[in-house]
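To keep things clear, I will list the structure first and then write my remarks on it.
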Amino acid sequence: MMEALEKVCDAEKKLQDIFHQIDIVEQKNSEKVQQAFSLERLEEADFTGTTGYGYNDVGRDKIERIFAQVLDGEDALVRSQFISGSHALCVALFAYLRPGDTLLSITGKPYDTLDEVIGLVENPSSLASFGVKYHQIDLKDNDFDDAKIEAYLKEHQPKLIEIQRSRGYATRASLTIDKLARIIPKIKALSPKTIIMVDNCYCEFVEEETPLTVGADIMVGSLIKNLGGGIAPNGAYIAGRALLVKLAGERLTLPGEGKEVGPSLGINKQILMGLYLAPSVVSASLKTAILTSYLLEQEGYEVSPKYNDARADIVQTIAFHDREKLISYCGAIQSASPVDSFVKPTPAPMPGYQDDVIMASGSFTQGSSIELSCDGPLREPYIAYQQGSLTYAYGRLAIIKALASIK
């Protein structure tokens, strides 16, 4: 363990400049959150929740205006009734797509939990079962394949284009805002009526701008990831153009009532406090990921992103090419967790995934990936997908332990 500690201390000296840049982004995003709270005149009475139908929930409505401001959108739907980011994506897709419409993914196959939503895996409740067509264009050299996208749009006008910024369980790189800023105007020029929807899970507050800032129509994310700050116990958001947010609200609840109903059930304070802390928590997550990347590359493992790469999300991958090392590493992360530290992670089937998955997640909120967690499918090349850390100090302790475990 002492050897691992010494390596961490040496690494931190070399990472000072990179950590300083993260601090600058944290400060700017904190200013954005503070300004939104002030402009909306947030007050203690807004923490009061509603029950039943949730009519006239002023705190809930204020939360949605705050999120819209922070994310550079016209409106937002922020609800505990969303079970996950995948659920919010599903609601959005069913809100915007109709029988005969085409969904085009320009980032290859989406995350595993959308396979049955789209119909890539047969399901009688999928979009495919309702007559929605699906096409995809894979990335090229970890970037959009501009030529194929342009050629497709000259022949077809899809109803919706989906962009998944984070890598999911793929080996490709995550997508920075500058890449979206390049491709979105090209799409708008060729297919101006197409809805551009961005899966922004794991990406909030990593950069200063959002997908909406650079022209996306709608974006979706989870509150047990970045924007929940480790405080929100569940929920997700859909933000962007007001009309599209309205349609999503009517799909989540019912036509004619939409955003006007949905009780907050006393969760307002936790959502607001989570958003307030989120810039700092994302900063801690990024520093933990960068430290991991630097140290594991020094040990000879394949890592992505590398410690000095531009980052779009809080996810760090380590390719072990060894089933037992993946299991051992996840076990060490679990043992350094605040909850269930005594539990040994075991590969097992999980709903929505086609392979057995090993998951270290000793978190206060079940499945939270803004809290330090590590997971991966049990398939070649046995990649660990590590994300989160509520503070850098706790992340640092876990990495020291994990580094020692694979020695």
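Residue numbering restarts at 1 in every chain; chains get A, B, ... in the order shown in the structure tokens, and ligands count up from 1 in that same order.
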Can you tell me which residues surround stretch 74-86 of chain A at a distance of at most 7 Å, considering only C-alpha atoms, apart from same-chain residues fewer than 2 positions away, and format the answer as a list in words?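 Residues near the query, excluding close chain neighbours: Glu64, Arg65, Phe67, Ala68, Ala88, Leu89, Cys90, Thr113, Leu114, Cys201, Gly221, Ser222, Asn234, Gly235, Ala236, Tyr237, Ile238, Ala239, Gly240, Arg241, Ala242, Val245 and Gly249 of chain A.
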What are the closest atom pairs, with distances in Å to one decimal, for all residues of stretch 259-340 of chain A lying within 7 Å of stretch 33-57 of chain A? Consider only C-alpha atoms, order rows by chain and residue number, and present the result as JSON lines.
{"residue": "A:Glu260", "atom": "CA", "partner": "A:Tyr55", "partner_atom": "CA", "distance": 6.3}
{"residue": "A:Val261", "atom": "CA", "partner": "A:Gly54", "partner_atom": "CA", "distance": 5.0}
{"residue": "A:Gly262", "atom": "CA", "partner": "A:Gly54", "partner_atom": "CA", "distance": 4.8}
{"residue": "A:Pro263", "atom": "CA", "partner": "A:Gly54", "partner_atom": "CA", "distance": 3.7}
{"residue": "A:Ser264", "atom": "CA", "partner": "A:Gly49", "partner_atom": "CA", "distance": 5.2}
{"residue": "A:Leu265", "atom": "CA", "partner": "A:Gly49", "partner_atom": "CA", "distance": 5.0}
{"residue": "A:Gly266", "atom": "CA", "partner": "A:Gly49", "partner_atom": "CA", "distance": 4.1}
{"residue": "A:Ile267", "atom": "CA", "partner": "A:Gly49", "partner_atom": "CA", "distance": 6.8}
{"residue": "A:Asn268", "atom": "CA", "partner": "A:Phe47", "partner_atom": "CA", "distance": 5.2}
{"residue": "A:Lys269", "atom": "CA", "partner": "A:Phe47", "partner_atom": "CA", "distance": 4.9}
{"residue": "A:Tyr276", "atom": "CA", "partner": "A:Val33", "partner_atom": "CA", "distance": 6.5}
Residue subset to file, keeping N, CA and C atoms, as a short mmCIF file (atom, residue, chain, number, x, y, z; two decimals), in the first residue's frame:
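Once everything was written out, this is out_28.cif:
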data_model
loop_
_atom_site.label_atom_id
_atom_site.label_comp_id
_atom_site.auth_asym_id
_atom_site.auth_seq_id
_atom_site.Cartn_x
_atom_site.Cartn_y
_atom_site.Cartn_z
N GLU A 260 -48.01 20.19 -15.85
CA GLU A 260 -48.81 20.80 -14.79
C GLU A 260 -49.07 19.85 -13.63
N VAL A 261 -48.82 18.56 -13.84
CA VAL A 261 -49.05 17.58 -12.78
C VAL A 261 -47.75 16.82 -12.51
N GLY A 262 -47.76 16.11 -11.38
CA GLY A 262 -46.58 15.36 -10.96
C GLY A 262 -46.07 15.88 -9.64
N PRO A 263 -46.41 15.23 -8.53
CA PRO A 263 -46.02 15.73 -7.21
C PRO A 263 -44.51 15.62 -6.99
N SER A 264 -43.95 16.59 -6.29
CA SER A 264 -42.51 16.56 -5.99
C SER A 264 -42.21 15.72 -4.76
N LEU A 265 -43.21 15.46 -3.91
CA LEU A 265 -43.07 14.52 -2.79
C LEU A 265 -41.89 14.84 -1.87
N GLY A 266 -41.60 16.12 -1.69
CA GLY A 266 -40.56 16.54 -0.76
C GLY A 266 -39.13 16.42 -1.26
N ILE A 267 -38.96 16.24 -2.58
CA ILE A 267 -37.61 16.04 -3.12
C ILE A 267 -36.95 17.34 -3.58
N ASN A 268 -37.70 18.47 -3.56
CA ASN A 268 -37.18 19.71 -4.13
C ASN A 268 -35.83 20.14 -3.54
N LYS A 269 -35.72 20.09 -2.23
CA LYS A 269 -34.49 20.53 -1.58
C LYS A 269 -33.30 19.69 -2.02
N TYR A 276 -26.58 22.47 -6.81
CA TYR A 276 -25.66 23.45 -6.24
C TYR A 276 -24.26 22.86 -6.04
#
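Here the question is which of A:Phe364, A:Phe144, A:Tyr111, A:Phe94 gets nearest to A:Ser341 using only C-alpha atoms, and that residue is A:Phe364.
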As a PDB file with C-alpha atoms, in the first residue's frame, please: every residue in stretch 111-335 of chain A that DSSP puts in helix (DSSP H, G or I).
ATOM      1  CA  ASP A 112     -27.219  -1.334 -24.067  1.00  0.00           C
ATOM      2  CA  THR A 113     -30.313  -0.296 -22.063  1.00  0.00           C
ATOM      3  CA  LEU A 114     -31.854   1.223 -25.222  1.00  0.00           C
ATOM      4  CA  ASP A 115     -31.612  -2.007 -27.265  1.00  0.00           C
ATOM      5  CA  GLU A 116     -35.140  -3.084 -26.348  1.00  0.00           C
ATOM      6  CA  VAL A 117     -36.467   0.486 -26.412  1.00  0.00           C
ATOM      7  CA  ILE A 118     -35.432   0.851 -30.062  1.00  0.00           C
ATOM      8  CA  ALA A 128     -39.886  -0.880 -33.856  1.00  0.00           C
ATOM      9  CA  SER A 129     -43.110  -2.590 -32.774  1.00  0.00           C
ATOM     10  CA  PHE A 130     -44.883   0.737 -33.389  1.00  0.00           C
ATOM     11  CA  ASP A 146     -19.285  13.839 -41.708  1.00  0.00           C
ATOM     12  CA  ALA A 147     -19.228  12.403 -45.231  1.00  0.00           C
ATOM     13  CA  LYS A 148     -21.641   9.549 -44.453  1.00  0.00           C
ATOM     14  CA  ILE A 149     -23.934  11.807 -42.438  1.00  0.00           C
ATOM     15  CA  GLU A 150     -24.100  14.373 -45.234  1.00  0.00           C
ATOM     16  CA  ALA A 151     -24.703  11.668 -47.867  1.00  0.00           C
ATOM     17  CA  TYR A 152     -27.508  10.148 -45.781  1.00  0.00           C
ATOM     18  CA  LEU A 153     -29.225  13.491 -45.181  1.00  0.00           C
ATOM     19  CA  LYS A 154     -29.173  14.353 -48.894  1.00  0.00           C
ATOM     20  CA  GLU A 155     -31.309  11.248 -49.474  1.00  0.00           C
ATOM     21  CA  ILE A 177     -18.795  19.996 -27.228  1.00  0.00           C
ATOM     22  CA  ASP A 178     -16.557  21.305 -30.019  1.00  0.00           C
ATOM     23  CA  LYS A 179     -17.337  18.175 -32.070  1.00  0.00           C
ATOM     24  CA  LEU A 180     -21.063  18.767 -31.622  1.00  0.00           C
ATOM     25  CA  ALA A 181     -20.569  22.422 -32.561  1.00  0.00           C
ATOM     26  CA  ARG A 182     -19.055  21.292 -35.868  1.00  0.00           C
ATOM     27  CA  ILE A 183     -21.649  18.682 -36.903  1.00  0.00           C
ATOM     28  CA  ILE A 184     -24.932  20.260 -35.715  1.00  0.00           C
ATOM     29  CA  PRO A 185     -24.893  23.228 -38.170  1.00  0.00           C
ATOM     30  CA  LYS A 186     -24.226  20.785 -41.026  1.00  0.00           C
ATOM     31  CA  ILE A 187     -27.235  18.701 -40.003  1.00  0.00           C
ATOM     32  CA  LYS A 188     -29.445  21.784 -39.663  1.00  0.00           C
ATOM     33  CA  ALA A 189     -28.435  22.999 -43.129  1.00  0.00           C
ATOM     34  CA  LEU A 190     -29.315  19.675 -44.801  1.00  0.00           C
ATOM     35  CA  ASN A 226     -23.537  14.592 -12.643  1.00  0.00           C
ATOM     36  CA  LEU A 227     -26.323  17.102 -12.011  1.00  0.00           C
ATOM     37  CA  GLY A 228     -27.616  15.327  -8.905  1.00  0.00           C
ATOM     38  CA  ALA A 242     -40.081  24.541 -25.072  1.00  0.00           C
ATOM     39  CA  LEU A 243     -42.369  22.679 -27.498  1.00  0.00           C
ATOM     40  CA  LEU A 244     -40.287  19.512 -27.263  1.00  0.00           C
ATOM     41  CA  VAL A 245     -40.167  19.711 -23.471  1.00  0.00           C
ATOM     42  CA  LYS A 246     -43.974  20.083 -23.484  1.00  0.00           C
ATOM     43  CA  LEU A 247     -44.353  16.942 -25.617  1.00  0.00           C
ATOM     44  CA  ALA A 248     -42.073  15.014 -23.255  1.00  0.00           C
ATOM     45  CA  GLY A 249     -44.165  16.186 -20.295  1.00  0.00           C
ATOM     46  CA  GLU A 250     -47.321  14.912 -21.958  1.00  0.00           C
ATOM     47  CA  ARG A 251     -45.684  11.543 -22.590  1.00  0.00           C
ATOM     48  CA  LEU A 252     -44.451  11.260 -19.000  1.00  0.00           C
ATOM     49  CA  GLY A 258     -48.245  17.350 -19.044  1.00  0.00           C
ATOM     50  CA  LYS A 259     -45.931  19.436 -16.868  1.00  0.00           C
ATOM     51  CA  GLU A 260     -48.805  20.805 -14.788  1.00  0.00           C
ATOM     52  CA  ASN A 268     -37.177  19.714  -4.129  1.00  0.00           C
ATOM     53  CA  LYS A 269     -34.489  20.531  -1.579  1.00  0.00           C
ATOM     54  CA  GLN A 270     -32.393  17.491  -2.521  1.00  0.00           C
ATOM     55  CA  ILE A 271     -32.567  18.271  -6.235  1.00  0.00           C
ATOM     56  CA  LEU A 272     -31.590  21.900  -5.647  1.00  0.00           C
ATOM     57  CA  MET A 273     -28.790  21.077  -3.227  1.00  0.00           C
ATOM     58  CA  GLY A 274     -27.502  18.433  -5.637  1.00  0.00           C
ATOM     59  CA  LEU A 275     -27.389  20.918  -8.498  1.00  0.00           C
ATOM     60  CA  TYR A 276     -25.660  23.454  -6.239  1.00  0.00           C
ATOM     61  CA  LEU A 277     -22.913  20.959  -5.356  1.00  0.00           C
ATOM     62  CA  ALA A 278     -22.653  19.435  -8.826  1.00  0.00           C
ATOM     63  CA  PRO A 279     -19.831  21.607 -10.246  1.00  0.00           C
ATOM     64  CA  SER A 280     -17.610  20.683  -7.274  1.00  0.00           C
ATOM     65  CA  VAL A 281     -18.534  16.981  -7.373  1.00  0.00           C
ATOM     66  CA  VAL A 282     -17.900  16.770 -11.124  1.00  0.00           C
ATOM     67  CA  SER A 283     -14.528  18.421 -10.550  1.00  0.00           C
ATOM     68  CA  ALA A 284     -13.655  15.762  -7.940  1.00  0.00           C
ATOM     69  CA  SER A 285     -14.791  13.009 -10.306  1.00  0.00           C
ATOM     70  CA  LEU A 286     -12.617  14.340 -13.118  1.00  0.00           C
ATOM     71  CA  LYS A 287      -9.544  14.595 -10.907  1.00  0.00           C
ATOM     72  CA  THR A 288     -10.087  11.021  -9.687  1.00  0.00           C
ATOM     73  CA  ALA A 289     -10.441   9.816 -13.288  1.00  0.00           C
ATOM     74  CA  ILE A 290      -7.305  11.643 -14.416  1.00  0.00           C
ATOM     75  CA  LEU A 291      -5.286  10.277 -11.496  1.00  0.00           C
ATOM     76  CA  THR A 292      -6.515   6.776 -12.365  1.00  0.00           C
ATOM     77  CA  SER A 293      -5.626   7.215 -16.019  1.00  0.00           C
ATOM     78  CA  TYR A 294      -2.113   8.413 -15.248  1.00  0.00           C
ATOM     79  CA  LEU A 295      -1.328   5.683 -12.734  1.00  0.00           C
ATOM     80  CA  LEU A 296      -2.797   2.764 -14.675  1.00  0.00           C
ATOM     81  CA  GLU A 297      -1.028   3.813 -17.861  1.00  0.00           C
ATOM     82  CA  GLN A 298       2.212   3.880 -15.881  1.00  0.00           C
ATOM     83  CA  ARG A 323     -11.179 -11.458 -16.452  1.00  0.00           C
ATOM     84  CA  GLU A 324      -9.736 -11.873 -12.965  1.00  0.00           C
ATOM     85  CA  LYS A 325      -7.949  -8.509 -12.933  1.00  0.00           C
ATOM     86  CA  LEU A 326     -11.193  -6.759 -13.880  1.00  0.00           C
ATOM     87  CA  ILE A 327     -12.965  -8.541 -11.015  1.00  0.00           C
ATOM     88  CA  SER A 328     -10.111  -7.771  -8.601  1.00  0.00           C
ATOM     89  CA  TYR A 329     -10.041  -4.070  -9.485  1.00  0.00           C
ATOM     90  CA  CYS A 330     -13.805  -3.707  -9.052  1.00  0.00           C
ATOM     91  CA  GLY A 331     -13.509  -5.542  -5.741  1.00  0.00           C
ATOM     92  CA  ALA A 332     -10.943  -3.032  -4.494  1.00  0.00           C
ATOM     93  CA  ILE A 333     -13.164  -0.084  -5.460  1.00  0.00           C
ATOM     94  CA  GLN A 334     -16.047  -1.732  -3.596  1.00  0.00           C
ATOM     95  CA  SER A 335     -13.915  -2.272  -0.493  1.00  0.00           C
TER      96      SER A 335
END
Could you state the separation of atom CA of A:Ala310 and atom CA of A:Val206 in Å, given to one decimal place? 10.0 Å
Proximity to A:Leu223 - best of A:Ile22, A:Ile370, A:Leu403, A:Ile195, only C-alpha atoms: A:Ile370
Going by DSSP on the backbone, which residues of stretch 157-321 of chain A come out as strand (DSSP E or B)? List them as a PyMOL selection string. chain A and resi 160-164+195-199+218-222+236-240+302-304+315-319
Excluding A:Leu104 and its own-chain neighbours fewer than 4 positions away, which residues fall within 6 Å of it when counting only C-alpha atoms? Please give them as JSON, numbers by chain. {"A": [134, 135, 136, 161]}
Please compute the atom CA of A:Ala402-atom CA of A:Phe205 distance, one decimal, in Å.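 Distance between the two atoms: 26.5 Å.
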A:Tyr301 environment, 7 Å, only C-alpha atoms, sequence neighbours closer than 2 positions dropped, as number ranges by chain: A: 296-297, 299, 303, 318-320
Selection: 12 Å around A:Lys14, only C-alpha atoms, excl. self and same-chain fewer than 3 positions, as an MDAnalysis selection string: chainID A and resid 7:11 17:20 290:291 294:295 307:308
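One distance worth recording is that between atom CA of A:Gly168 and atom CA of A:His87, which is 15.4 Å.
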Given only C-alpha atoms as the counted atoms, nearest of A:Cys203, A:Ile231, A:Ile106, A:Val70 to A:Ser174: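 Among the listed residues, the smallest separation from A:Ser174 belongs to A:Cys203.
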